[in-house]
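A.B. asks: A single structure is presented below for examination.
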Amino acid sequence: MEINQHSGTIFDIQGFSVHDGPGARTLIFFKGCSLSCFWCSNPEGISKSNIPLYYSAKCIGCGNCKTSCPNKAIQFIDEKPVIDRDICEKCPENTCIDNCYTDALRMSGRTISVDELFSIIQRDRQYWGKKGGITLTGGEPLTQVDFARDILEKCYNAYIHTAIETCGHVPWKNFKKVIDYLDWIFFDLKHIDPKQHKIGTGSSNANIINNIRKLNETFKGKLVFRLPFIPGYNSSKENLEGIASLISESKWKEINILPLHHLGREKYQLLGLEYKAACFPTPSSEDLKNVKAVFEEFGVTCFISQDTPF
Ligand code: SF4
Ligand code: SF4
């Protein structure tokens with residue numbers, strides 16, 4: 001009998017995506033990321049922990065959460081609970097959520113076994129059409145690499161098309177564990193300058209660039225680069241040319257530009273976090289036309305937003 005030992009923490013499963021790989025796909029959002037980009041539209045995916053989301057409109061100020069928290073992580077300010085997220089990071093109990101009867105506190109993720117996840121994937125399979133499959137995203141799927149490998153292997157062996165979206169900032173040995181079970185990689189790039197990369201994401205890009213070079217030598221599937229485009233952060237011609245040059249040295253010559261949007265802003269409020277991208281503008285169509293021109297000068301095919309061939 002086949003036994004899958006690993007379970008993982010996810011924060012969402014979306015059943016019918018047409019923008020994250022060929023055909024219609026089931027997206028699985030992993031919790032935990034090795035970067036912390038200030039514009040991230042899924043901030044609930046950055047922490048591996050099940051920290052609570054706080055919906056203030058549902059809160060009646062009863063105080064149950066404060067009295068039930070064993071770690072004294074909740075203070076009341078202006079008759080509303082304010083949660084110390086640093087303490088919650090290490091809390092396995094989440095008793096505050098069980099004791100909030102109005103649903104003002106909810107889990108930001110859940111643990112799931114490989115078999116349970118696979119049965120959800122099998123359920124969705126009938127809706128994908130011929131080309132569809134699964135895409136692991138997040139968060140960073142390769143921070144839970146054993147769980148990711150188990151689900152990818154199971155899908156790959158069942159002739160399901162497999163893809164991941166990765167920030168690339170993981171040890172090379174993590175890529176090695178999964179590449180035999182992957183058809184497709186979306187590889188996110190943010191900035192070519194290591195210092196600017198650290199300012200925007202919390203880490204240098206040295207490891208990421210090394211991993212691209214190693215993938216170039218070993219990965220036989222398809223890879224599409226992605227660039228979250230943030231005017232005023234990574235929009236300079238110098239930066240775009242640096243990224244285009246890096247891509248032109250690889251065997252893959254496609255990039256998908258993801259223009260900054262502010263749709264994730266409300267999630268920062270639910271998490272009690274500051275939304276640092278608020279002062280950055282969304283790009284104009286002229287900006288995006290210029291980006292496309294830069295990449296095409298380097299022989300890199302550039303797809304803007306959802307205008308992709310997949
Ligand atoms: S238990 Fe829920 S409703 Fe009561 S104060 Fe806490 S968050 Fe608000
Ligand atoms: S998650 Fe844990 S530490 Fe945080 S408020 Fe709830 S019970 Fe307290």
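Just remember, in the structure tokens the first chain shown is A, the second B, etc., residues are 1-based per chain, and ligands are 1-based in the order shown.
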Return as a Markdown table the residues of chain A lying at most 12 Å from ligand 1, together with the closest atom-to-atom pair for each and the distance in Å to one decimal, counting only C-alpha atoms and all ligand atoms, with rows in chain order and ascending residue number.
C.D. replies:
| residue | atom | partner | partner_atom_place_in_ligand_line | distance |
| --- | --- | --- | --- | --- |
| A:Pro52 | CA | ligand 1 | 7 (S) | 9.7 |
| A:Leu53 | CA | ligand 1 | 7 (S) | 9.5 |
| A:Tyr54 | CA | ligand 1 | 7 (S) | 6.7 |
| A:Tyr55 | CA | ligand 1 | 7 (S) | 7.6 |
| A:Ser56 | CA | ligand 1 | 8 (Fe) | 7.3 |
| A:Ala57 | CA | ligand 1 | 8 (Fe) | 9.1 |
| A:Lys58 | CA | ligand 1 | 3 (S) | 6.5 |
| A:Cys59 | CA | ligand 1 | 8 (Fe) | 3.7 |
| A:Ile60 | CA | ligand 1 | 3 (S) | 4.5 |
| A:Gly61 | CA | ligand 1 | 5 (S) | 3.7 |
| A:Cys62 | CA | ligand 1 | 4 (Fe) | 4.0 |
| A:Gly63 | CA | ligand 1 | 5 (S) | 4.1 |
| A:Asn64 | CA | ligand 1 | 1 (S) | 4.2 |
| A:Cys65 | CA | ligand 1 | 1 (S) | 4.1 |
| A:Lys66 | CA | ligand 1 | 6 (Fe) | 6.5 |
| A:Thr67 | CA | ligand 1 | 1 (S) | 8.8 |
| A:Ser68 | CA | ligand 1 | 1 (S) | 8.7 |
| A:Cys69 | CA | ligand 1 | 6 (Fe) | 10.0 |
| A:Ala73 | CA | ligand 1 | 6 (Fe) | 11.8 |
| A:Ile74 | CA | ligand 1 | 6 (Fe) | 8.8 |
| A:Gln75 | CA | ligand 1 | 5 (S) | 10.1 |
| A:Phe76 | CA | ligand 1 | 5 (S) | 8.5 |
| A:Ile77 | CA | ligand 1 | 5 (S) | 10.9 |
| A:Asp78 | CA | ligand 1 | 5 (S) | 11.5 |
| A:Glu79 | CA | ligand 1 | 5 (S) | 8.2 |
| A:Lys80 | CA | ligand 1 | 5 (S) | 6.4 |
| A:Pro81 | CA | ligand 1 | 5 (S) | 5.9 |
| A:Val82 | CA | ligand 1 | 7 (S) | 9.0 |
| A:Ile83 | CA | ligand 1 | 7 (S) | 9.6 |
| A:Asn94 | CA | ligand 1 | 1 (S) | 11.8 |
| A:Thr95 | CA | ligand 1 | 1 (S) | 10.0 |
| A:Cys96 | CA | ligand 1 | 1 (S) | 6.7 |
| A:Ile97 | CA | ligand 1 | 1 (S) | 7.4 |
| A:Asp98 | CA | ligand 1 | 1 (S) | 8.7 |
| A:Asn99 | CA | ligand 1 | 1 (S) | 5.9 |
| A:Cys100 | CA | ligand 1 | 1 (S) | 3.7 |
| A:Tyr101 | CA | ligand 1 | 2 (Fe) | 6.3 |
| A:Thr102 | CA | ligand 1 | 3 (S) | 5.4 |
| A:Asp103 | CA | ligand 1 | 2 (Fe) | 6.5 |
| A:Ala104 | CA | ligand 1 | 2 (Fe) | 4.9 |
| A:Leu105 | CA | ligand 1 | 7 (S) | 5.4 |
| A:Arg106 | CA | ligand 1 | 7 (S) | 9.2 |
| A:Leu270 | CA | ligand 1 | 7 (S) | 11.3 |
A.B. asks: With N, CA and C atoms kept, could you save the residues just selected as a CSV table (one decimal), in the first residue's frame?
C.D. replies:
chain,number,residue,atom,x,y,z
A,52,PRO,N,-3.8,34.4,13.3
A,52,PRO,CA,-5.3,34.7,13.1
A,52,PRO,C,-5.4,35.9,12.2
A,53,LEU,N,-6.5,35.9,11.4
A,53,LEU,CA,-6.9,37.1,10.6
A,53,LEU,C,-8.0,37.7,11.5
A,54,TYR,N,-8.0,39.0,11.5
A,54,TYR,CA,-9.0,39.8,12.4
A,54,TYR,C,-9.9,40.6,11.5
A,55,TYR,N,-11.2,40.2,11.6
A,55,TYR,CA,-12.3,41.0,10.8
A,55,TYR,C,-13.0,41.9,11.8
A,56,SER,N,-12.5,43.2,11.8
A,56,SER,CA,-13.0,44.1,12.8
A,56,SER,C,-14.5,44.3,12.8
A,57,ALA,N,-15.1,44.2,11.6
A,57,ALA,CA,-16.6,44.5,11.4
A,57,ALA,C,-17.4,43.5,12.2
A,58,LYS,N,-16.8,42.3,12.4
A,58,LYS,CA,-17.6,41.2,13.1
A,58,LYS,C,-17.3,41.2,14.6
A,59,CYS,N,-16.4,42.0,15.1
A,59,CYS,CA,-16.0,42.0,16.5
A,59,CYS,C,-16.9,42.8,17.4
A,60,ILE,N,-17.4,42.1,18.4
A,60,ILE,CA,-18.3,42.8,19.4
A,60,ILE,C,-17.6,43.2,20.7
A,61,GLY,N,-16.3,43.0,20.7
A,61,GLY,CA,-15.5,43.5,21.8
A,61,GLY,C,-15.7,42.7,23.1
A,62,CYS,N,-16.1,41.4,23.0
A,62,CYS,CA,-16.4,40.6,24.2
A,62,CYS,C,-15.2,40.3,25.0
A,63,GLY,N,-14.0,40.2,24.4
A,63,GLY,CA,-12.8,40.0,25.2
A,63,GLY,C,-12.5,38.5,25.4
A,64,ASN,N,-13.3,37.6,24.8
A,64,ASN,CA,-13.0,36.1,24.9
A,64,ASN,C,-11.6,35.8,24.4
A,65,CYS,N,-11.2,36.4,23.4
A,65,CYS,CA,-9.9,36.1,22.7
A,65,CYS,C,-8.8,36.5,23.7
A,66,LYS,N,-8.9,37.6,24.4
A,66,LYS,CA,-7.9,38.0,25.3
A,66,LYS,C,-7.8,37.0,26.5
A,67,THR,N,-8.9,36.7,27.1
A,67,THR,CA,-8.9,35.8,28.3
A,67,THR,C,-8.5,34.4,27.9
A,68,SER,N,-8.7,34.0,26.7
A,68,SER,CA,-8.4,32.6,26.3
A,68,SER,C,-7.0,32.4,25.8
A,69,CYS,N,-6.3,33.5,25.5
A,69,CYS,CA,-5.0,33.4,24.9
A,69,CYS,C,-4.0,33.0,26.0
A,73,ALA,N,-1.0,37.5,24.2
A,73,ALA,CA,-0.7,38.2,23.0
A,73,ALA,C,-1.7,39.3,22.6
A,74,ILE,N,-2.8,39.4,23.4
A,74,ILE,CA,-3.8,40.4,23.0
A,74,ILE,C,-4.0,41.5,24.0
A,75,GLN,N,-3.9,42.7,23.5
A,75,GLN,CA,-4.2,43.9,24.4
A,75,GLN,C,-5.5,44.5,23.8
A,76,PHE,N,-6.2,45.2,24.6
A,76,PHE,CA,-7.4,45.9,24.1
A,76,PHE,C,-7.0,47.4,24.0
A,77,ILE,N,-7.2,48.0,22.8
A,77,ILE,CA,-7.0,49.4,22.6
A,77,ILE,C,-8.2,49.9,22.0
A,78,ASP,N,-8.8,51.0,22.5
A,78,ASP,CA,-10.1,51.6,22.0
A,78,ASP,C,-11.1,50.5,21.9
A,79,GLU,N,-11.2,49.6,22.9
A,79,GLU,CA,-12.2,48.5,23.0
A,79,GLU,C,-12.1,47.5,21.9
A,80,LYS,N,-11.0,47.4,21.2
A,80,LYS,CA,-10.8,46.4,20.2
A,80,LYS,C,-9.5,45.6,20.5
A,81,PRO,N,-9.5,44.3,20.2
A,81,PRO,CA,-8.3,43.5,20.4
A,81,PRO,C,-7.2,43.9,19.4
A,82,VAL,N,-6.0,44.0,19.9
A,82,VAL,CA,-4.8,44.2,19.1
A,82,VAL,C,-3.9,43.1,19.4
A,83,ILE,N,-3.5,42.4,18.3
A,83,ILE,CA,-2.8,41.1,18.5
A,83,ILE,C,-1.3,41.3,18.2
A,94,ASN,N,-3.9,28.4,19.0
A,94,ASN,CA,-4.9,29.3,18.3
A,94,ASN,C,-6.2,29.2,19.1
A,95,THR,N,-6.1,29.2,20.4
A,95,THR,CA,-7.3,29.1,21.3
A,95,THR,C,-8.2,30.4,21.1
A,96,CYS,N,-7.6,31.5,20.7
A,96,CYS,CA,-8.4,32.7,20.5
A,96,CYS,C,-9.5,32.5,19.5
A,97,ILE,N,-9.1,31.7,18.4
A,97,ILE,CA,-10.1,31.5,17.3
A,97,ILE,C,-11.2,30.6,17.8
A,98,ASP,N,-10.9,29.6,18.6
A,98,ASP,CA,-12.0,28.7,19.0
A,98,ASP,C,-13.0,29.4,20.0
A,99,ASN,N,-12.5,30.5,20.6
A,99,ASN,CA,-13.3,31.2,21.6
A,99,ASN,C,-13.9,32.5,21.1
A,100,CYS,N,-13.7,32.7,19.8
A,100,CYS,CA,-14.4,33.9,19.2
A,100,CYS,C,-15.7,33.4,18.5
A,101,TYR,N,-16.8,33.7,19.1
A,101,TYR,CA,-18.1,33.1,18.6
A,101,TYR,C,-18.7,33.9,17.5
A,102,THR,N,-18.1,35.0,17.1
A,102,THR,CA,-18.7,35.8,16.0
A,102,THR,C,-17.9,35.6,14.7
A,103,ASP,N,-16.9,34.8,14.8
A,103,ASP,CA,-16.1,34.6,13.6
A,103,ASP,C,-15.2,35.8,13.2
A,104,ALA,N,-15.0,36.7,14.2
A,104,ALA,CA,-14.1,37.8,13.9
A,104,ALA,C,-12.7,37.4,13.7
A,105,LEU,N,-12.3,36.3,14.3
A,105,LEU,CA,-11.0,35.7,14.2
A,105,LEU,C,-11.1,34.4,13.4
A,106,ARG,N,-10.2,34.3,12.4
A,106,ARG,CA,-10.2,33.1,11.6
A,106,ARG,C,-8.8,32.7,11.3
A,270,LEU,N,-6.4,42.9,7.9
A,270,LEU,CA,-6.8,41.7,8.6
A,270,LEU,C,-5.7,41.1,9.4
A.B. asks: DSSP on the backbone, then: every residue of stretch 40-204 of chain A marked alpha helix (DSSP H), written as a PDB file with N, CA and C atoms, in the first residue's frame.
C.D. replies:
ATOM      1  N   ASN A  64     -13.309  37.583  24.818  1.00  0.00           N
ATOM      2  CA  ASN A  64     -13.013  36.148  24.944  1.00  0.00           C
ATOM      3  C   ASN A  64     -11.628  35.801  24.419  1.00  0.00           C
ATOM      4  N   CYS A  65     -11.238  36.450  23.350  1.00  0.00           N
ATOM      5  CA  CYS A  65      -9.941  36.130  22.747  1.00  0.00           C
ATOM      6  C   CYS A  65      -8.811  36.455  23.723  1.00  0.00           C
ATOM      7  N   LYS A  66      -8.935  37.589  24.385  1.00  0.00           N
ATOM      8  CA  LYS A  66      -7.883  38.003  25.315  1.00  0.00           C
ATOM      9  C   LYS A  66      -7.789  37.032  26.492  1.00  0.00           C
ATOM     10  N   THR A  67      -8.936  36.693  27.073  1.00  0.00           N
ATOM     11  CA  THR A  67      -8.890  35.830  28.259  1.00  0.00           C
ATOM     12  C   THR A  67      -8.491  34.404  27.898  1.00  0.00           C
ATOM     13  N   SER A  68      -8.747  33.981  26.656  1.00  0.00           N
ATOM     14  CA  SER A  68      -8.417  32.589  26.295  1.00  0.00           C
ATOM     15  C   SER A  68      -7.002  32.430  25.754  1.00  0.00           C
ATOM     16  N   ARG A  85       1.571  39.916  16.732  1.00  0.00           N
ATOM     17  CA  ARG A  85       1.787  38.864  15.728  1.00  0.00           C
ATOM     18  C   ARG A  85       3.079  38.086  15.970  1.00  0.00           C
ATOM     19  N   ASP A  86       4.062  38.737  16.563  1.00  0.00           N
ATOM     20  CA  ASP A  86       5.328  38.022  16.823  1.00  0.00           C
ATOM     21  C   ASP A  86       5.099  36.865  17.782  1.00  0.00           C
ATOM     22  N   ILE A  87       4.230  37.087  18.771  1.00  0.00           N
ATOM     23  CA  ILE A  87       3.940  36.002  19.723  1.00  0.00           C
ATOM     24  C   ILE A  87       3.138  34.900  19.017  1.00  0.00           C
ATOM     25  N   CYS A  88       2.165  35.299  18.198  1.00  0.00           N
ATOM     26  CA  CYS A  88       1.313  34.310  17.509  1.00  0.00           C
ATOM     27  C   CYS A  88       2.104  33.396  16.576  1.00  0.00           C
ATOM     28  N   THR A  95      -6.125  29.193  20.449  1.00  0.00           N
ATOM     29  CA  THR A  95      -7.338  29.117  21.271  1.00  0.00           C
ATOM     30  C   THR A  95      -8.209  30.353  21.115  1.00  0.00           C
ATOM     31  N   CYS A  96      -7.611  31.474  20.742  1.00  0.00           N
ATOM     32  CA  CYS A  96      -8.397  32.698  20.541  1.00  0.00           C
ATOM     33  C   CYS A  96      -9.468  32.472  19.478  1.00  0.00           C
ATOM     34  N   ILE A  97      -9.127  31.719  18.441  1.00  0.00           N
ATOM     35  CA  ILE A  97     -10.067  31.501  17.331  1.00  0.00           C
ATOM     36  C   ILE A  97     -11.235  30.627  17.796  1.00  0.00           C
ATOM     37  N   ASP A  98     -10.920  29.571  18.552  1.00  0.00           N
ATOM     38  CA  ASP A  98     -11.986  28.686  19.048  1.00  0.00           C
ATOM     39  C   ASP A  98     -12.956  29.443  19.964  1.00  0.00           C
ATOM     40  N   VAL A 114      -1.148  14.867   2.005  1.00  0.00           N
ATOM     41  CA  VAL A 114      -0.993  14.683   0.560  1.00  0.00           C
ATOM     42  C   VAL A 114      -2.212  13.964  -0.014  1.00  0.00           C
ATOM     43  N   ASP A 115      -2.686  12.953   0.700  1.00  0.00           N
ATOM     44  CA  ASP A 115      -3.830  12.180   0.167  1.00  0.00           C
ATOM     45  C   ASP A 115      -5.100  13.020   0.093  1.00  0.00           C
ATOM     46  N   GLU A 116      -5.324  13.855   1.129  1.00  0.00           N
ATOM     47  CA  GLU A 116      -6.521  14.710   1.108  1.00  0.00           C
ATOM     48  C   GLU A 116      -6.433  15.709  -0.040  1.00  0.00           C
ATOM     49  N   LEU A 117      -5.238  16.290  -0.198  1.00  0.00           N
ATOM     50  CA  LEU A 117      -5.057  17.261  -1.277  1.00  0.00           C
ATOM     51  C   LEU A 117      -5.228  16.582  -2.636  1.00  0.00           C
ATOM     52  N   PHE A 118      -4.685  15.382  -2.762  1.00  0.00           N
ATOM     53  CA  PHE A 118      -4.787  14.681  -4.048  1.00  0.00           C
ATOM     54  C   PHE A 118      -6.245  14.361  -4.382  1.00  0.00           C
ATOM     55  N   SER A 119      -7.042  14.053  -3.375  1.00  0.00           N
ATOM     56  CA  SER A 119      -8.449  13.747  -3.691  1.00  0.00           C
ATOM     57  C   SER A 119      -9.181  15.013  -4.146  1.00  0.00           C
ATOM     58  N   ILE A 120      -8.796  16.176  -3.616  1.00  0.00           N
ATOM     59  CA  ILE A 120      -9.399  17.437  -4.105  1.00  0.00           C
ATOM     60  C   ILE A 120      -8.973  17.676  -5.560  1.00  0.00           C
ATOM     61  N   ILE A 121      -7.693  17.414  -5.827  1.00  0.00           N
ATOM     62  CA  ILE A 121      -7.184  17.590  -7.200  1.00  0.00           C
ATOM     63  C   ILE A 121      -7.930  16.658  -8.168  1.00  0.00           C
ATOM     64  N   GLN A 122      -8.122  15.408  -7.754  1.00  0.00           N
ATOM     65  CA  GLN A 122      -8.841  14.448  -8.618  1.00  0.00           C
ATOM     66  C   GLN A 122     -10.268  14.915  -8.890  1.00  0.00           C
ATOM     67  N   ARG A 123     -10.885  15.522  -7.854  1.00  0.00           N
ATOM     68  CA  ARG A 123     -12.252  16.032  -8.007  1.00  0.00           C
ATOM     69  C   ARG A 123     -12.282  17.115  -9.092  1.00  0.00           C
ATOM     70  N   ASP A 124     -11.254  18.001  -9.072  1.00  0.00           N
ATOM     71  CA  ASP A 124     -11.216  19.118 -10.027  1.00  0.00           C
ATOM     72  C   ASP A 124     -10.856  18.678 -11.441  1.00  0.00           C
ATOM     73  N   ARG A 125     -10.219  17.527 -11.543  1.00  0.00           N
ATOM     74  CA  ARG A 125      -9.619  17.106 -12.809  1.00  0.00           C
ATOM     75  C   ARG A 125     -10.597  17.131 -13.978  1.00  0.00           C
ATOM     76  N   VAL A 145       9.334  21.629   1.072  1.00  0.00           N
ATOM     77  CA  VAL A 145       9.736  20.892  -0.125  1.00  0.00           C
ATOM     78  C   VAL A 145       9.317  19.428  -0.103  1.00  0.00           C
ATOM     79  N   ASP A 146       9.310  18.777   1.053  1.00  0.00           N
ATOM     80  CA  ASP A 146       8.943  17.353   1.066  1.00  0.00           C
ATOM     81  C   ASP A 146       7.452  17.170   0.743  1.00  0.00           C
ATOM     82  N   PHE A 147       6.648  18.066   1.287  1.00  0.00           N
ATOM     83  CA  PHE A 147       5.217  18.048   0.977  1.00  0.00           C
ATOM     84  C   PHE A 147       5.004  18.347  -0.516  1.00  0.00           C
ATOM     85  N   ALA A 148       5.724  19.364  -1.005  1.00  0.00           N
ATOM     86  CA  ALA A 148       5.599  19.730  -2.426  1.00  0.00           C
ATOM     87  C   ALA A 148       6.014  18.553  -3.307  1.00  0.00           C
ATOM     88  N   ARG A 149       7.148  17.910  -2.949  1.00  0.00           N
ATOM     89  CA  ARG A 149       7.613  16.789  -3.770  1.00  0.00           C
ATOM     90  C   ARG A 149       6.587  15.656  -3.772  1.00  0.00           C
ATOM     91  N   ASP A 150       6.025  15.345  -2.618  1.00  0.00           N
ATOM     92  CA  ASP A 150       5.058  14.238  -2.547  1.00  0.00           C
ATOM     93  C   ASP A 150       3.841  14.487  -3.440  1.00  0.00           C
ATOM     94  N   ILE A 151       3.328  15.704  -3.391  1.00  0.00           N
ATOM     95  CA  ILE A 151       2.115  15.954  -4.192  1.00  0.00           C
ATOM     96  C   ILE A 151       2.463  16.025  -5.682  1.00  0.00           C
ATOM     97  N   LEU A 152       3.628  16.618  -5.997  1.00  0.00           N
ATOM     98  CA  LEU A 152       4.035  16.685  -7.409  1.00  0.00           C
ATOM     99  C   LEU A 152       4.275  15.281  -7.973  1.00  0.00           C
ATOM    100  N   GLU A 153       4.955  14.455  -7.181  1.00  0.00           N
ATOM    101  CA  GLU A 153       5.255  13.093  -7.644  1.00  0.00           C
ATOM    102  C   GLU A 153       3.958  12.315  -7.893  1.00  0.00           C
ATOM    103  N   LYS A 154       3.032  12.453  -6.963  1.00  0.00           N
ATOM    104  CA  LYS A 154       1.761  11.726  -7.085  1.00  0.00           C
ATOM    105  C   LYS A 154       1.000  12.189  -8.345  1.00  0.00           C
ATOM    106  N   CYS A 155       0.987  13.495  -8.580  1.00  0.00           N
ATOM    107  CA  CYS A 155       0.293  14.026  -9.763  1.00  0.00           C
ATOM    108  C   CYS A 155       1.018  13.626 -11.047  1.00  0.00           C
ATOM    109  N   TYR A 156       2.332  13.763 -11.024  1.00  0.00           N
ATOM    110  CA  TYR A 156       3.135  13.439 -12.220  1.00  0.00           C
ATOM    111  C   TYR A 156       2.908  11.984 -12.628  1.00  0.00           C
ATOM    112  N   ASN A 157       2.905  11.095 -11.639  1.00  0.00           N
ATOM    113  CA  ASN A 157       2.700   9.671 -11.919  1.00  0.00           C
ATOM    114  C   ASN A 157       1.277   9.368 -12.365  1.00  0.00           C
ATOM    115  N   TRP A 172      19.515  24.974  -3.414  1.00  0.00           N
ATOM    116  CA  TRP A 172      19.449  24.225  -4.671  1.00  0.00           C
ATOM    117  C   TRP A 172      18.921  22.808  -4.442  1.00  0.00           C
ATOM    118  N   LYS A 173      19.286  22.224  -3.282  1.00  0.00           N
ATOM    119  CA  LYS A 173      18.831  20.845  -3.020  1.00  0.00           C
ATOM    120  C   LYS A 173      17.299  20.762  -3.018  1.00  0.00           C
ATOM    121  N   ASN A 174      16.598  21.845  -2.721  1.00  0.00           N
ATOM    122  CA  ASN A 174      15.124  21.817  -2.775  1.00  0.00           C
ATOM    123  C   ASN A 174      14.640  21.685  -4.222  1.00  0.00           C
ATOM    124  N   PHE A 175      15.268  22.425  -5.126  1.00  0.00           N
ATOM    125  CA  PHE A 175      14.899  22.263  -6.542  1.00  0.00           C
ATOM    126  C   PHE A 175      15.168  20.834  -6.998  1.00  0.00           C
ATOM    127  N   LYS A 176      16.332  20.296  -6.568  1.00  0.00           N
ATOM    128  CA  LYS A 176      16.690  18.946  -7.012  1.00  0.00           C
ATOM    129  C   LYS A 176      15.634  17.913  -6.599  1.00  0.00           C
ATOM    130  N   LYS A 177      15.004  18.149  -5.465  1.00  0.00           N
ATOM    131  CA  LYS A 177      13.993  17.193  -4.988  1.00  0.00           C
ATOM    132  C   LYS A 177      12.747  17.176  -5.863  1.00  0.00           C
ATOM    133  N   VAL A 178      12.469  18.280  -6.582  1.00  0.00           N
ATOM    134  CA  VAL A 178      11.179  18.348  -7.306  1.00  0.00           C
ATOM    135  C   VAL A 178      11.299  18.362  -8.829  1.00  0.00           C
ATOM    136  N   PRO A 194      21.583  43.468  -6.205  1.00  0.00           N
ATOM    137  CA  PRO A 194      21.419  42.730  -4.947  1.00  0.00           C
ATOM    138  C   PRO A 194      20.947  43.602  -3.781  1.00  0.00           C
ATOM    139  N   LYS A 195      21.458  44.863  -3.737  1.00  0.00           N
ATOM    140  CA  LYS A 195      21.065  45.725  -2.600  1.00  0.00           C
ATOM    141  C   LYS A 195      19.593  46.113  -2.702  1.00  0.00           C
ATOM    142  N   GLN A 196      19.172  46.479  -3.910  1.00  0.00           N
ATOM    143  CA  GLN A 196      17.764  46.847  -4.098  1.00  0.00           C
ATOM    144  C   GLN A 196      16.857  45.624  -3.874  1.00  0.00           C
ATOM    145  N   HIS A 197      17.365  44.475  -4.280  1.00  0.00           N
ATOM    146  CA  HIS A 197      16.596  43.243  -4.066  1.00  0.00           C
ATOM    147  C   HIS A 197      16.355  43.040  -2.577  1.00  0.00           C
ATOM    148  N   LYS A 198      17.419  43.287  -1.795  1.00  0.00           N
ATOM    149  CA  LYS A 198      17.283  43.106  -0.345  1.00  0.00           C
ATOM    150  C   LYS A 198      16.312  44.139   0.239  1.00  0.00           C
ATOM    151  N   ILE A 199      16.365  45.363  -0.263  1.00  0.00           N
ATOM    152  CA  ILE A 199      15.459  46.404   0.246  1.00  0.00           C
ATOM    153  C   ILE A 199      13.993  45.995  -0.014  1.00  0.00           C
ATOM    154  N   GLY A 200      13.724  45.460  -1.203  1.00  0.00           N
ATOM    155  CA  GLY A 200      12.341  45.146  -1.570  1.00  0.00           C
ATOM    156  C   GLY A 200      11.813  43.829  -1.039  1.00  0.00           C
ATOM    157  N   THR A 201      12.742  42.881  -0.788  1.00  0.00           N
ATOM    158  CA  THR A 201      12.270  41.516  -0.476  1.00  0.00           C
ATOM    159  C   THR A 201      12.818  40.962   0.829  1.00  0.00           C
TER     160      THR A 201
END
A.B. asks: Looking at only C-alpha atoms and all ligand atoms, which of A:Leu271, A:Ser113, A:Ile13, A:Ser204 is the one that sits closest to ligand 2?
C.D. replies: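 Between A:Leu271, A:Ser113, A:Ile13, A:Ser204, the residue approaching ligand 2 most closely is A:Leu271.
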A.B. asks: Just to confirm, what's the straight-line distance from atom CA of A:Pro231 to atom CA of A:Ser284 in Å (one decimal)?
C.D. replies: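 Atom CA of A:Ser284 lies at a distance of 9.2 Å from atom CA of A:Pro231.
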A.B. asks: Considering only C-alpha atoms, return as a ChimeraX atom specification whatever protein or nucleic-acid residues lie within 6 Å of A:Phe187, sequence-local ones (same chain, fewer than 4 positions apart) excluded.
C.D. replies: /A:166,225-226
A.B. asks: Store the residues picked out above in a file with C-alpha atoms, as a CSV table (one decimal), in the first residue's frame.
C.D. replies:
chain,number,residue,atom,x,y,z
A,166,THR,CA,8.7,30.0,-7.2
A,225,PHE,CA,10.1,34.1,-15.9
A,226,ARG,CA,7.7,36.5,-14.1
A.B. asks: What residues in stretch 31-217 of chain A get the DSSP label strand (DSSP E)? Please answer as a PyMOL selection string.
C.D. replies: chain A and resi 52-54+74-77+80-83+105-107+110-113+133-138+161-166+184-188
A.B. asks: For a quick check of understanding, using only C-alpha atoms, which of A:Trp39, A:Phe30, A:Tyr275, A:Phe16 has the smallest distance to A:Ile164?
C.D. replies: A:Phe30
A.B. asks: Any idea what the distance is between atom CA of A:Ser248 and atom CA of A:Ala277?
C.D. replies: 29.6 Å
A.B. asks: For A:Lys214, find every residue with an atom within 12 Å (counting only C-alpha atoms), except residues of its own chain fewer than 3 positions away, and show them as a ChimeraX atom specification.
C.D. replies: /A:168,171-173,175-176,179,207-211,217-220,250-251
A.B. asks: Restricting the calculation to only C-alpha atoms and all ligand atoms, which member of A:Ile304, A:Leu246, A:Ile51, A:Ile185 is positioned closest to ligand 2?
C.D. replies: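 Of the candidates, the smallest distance to ligand 2 is held by A:Ile51.
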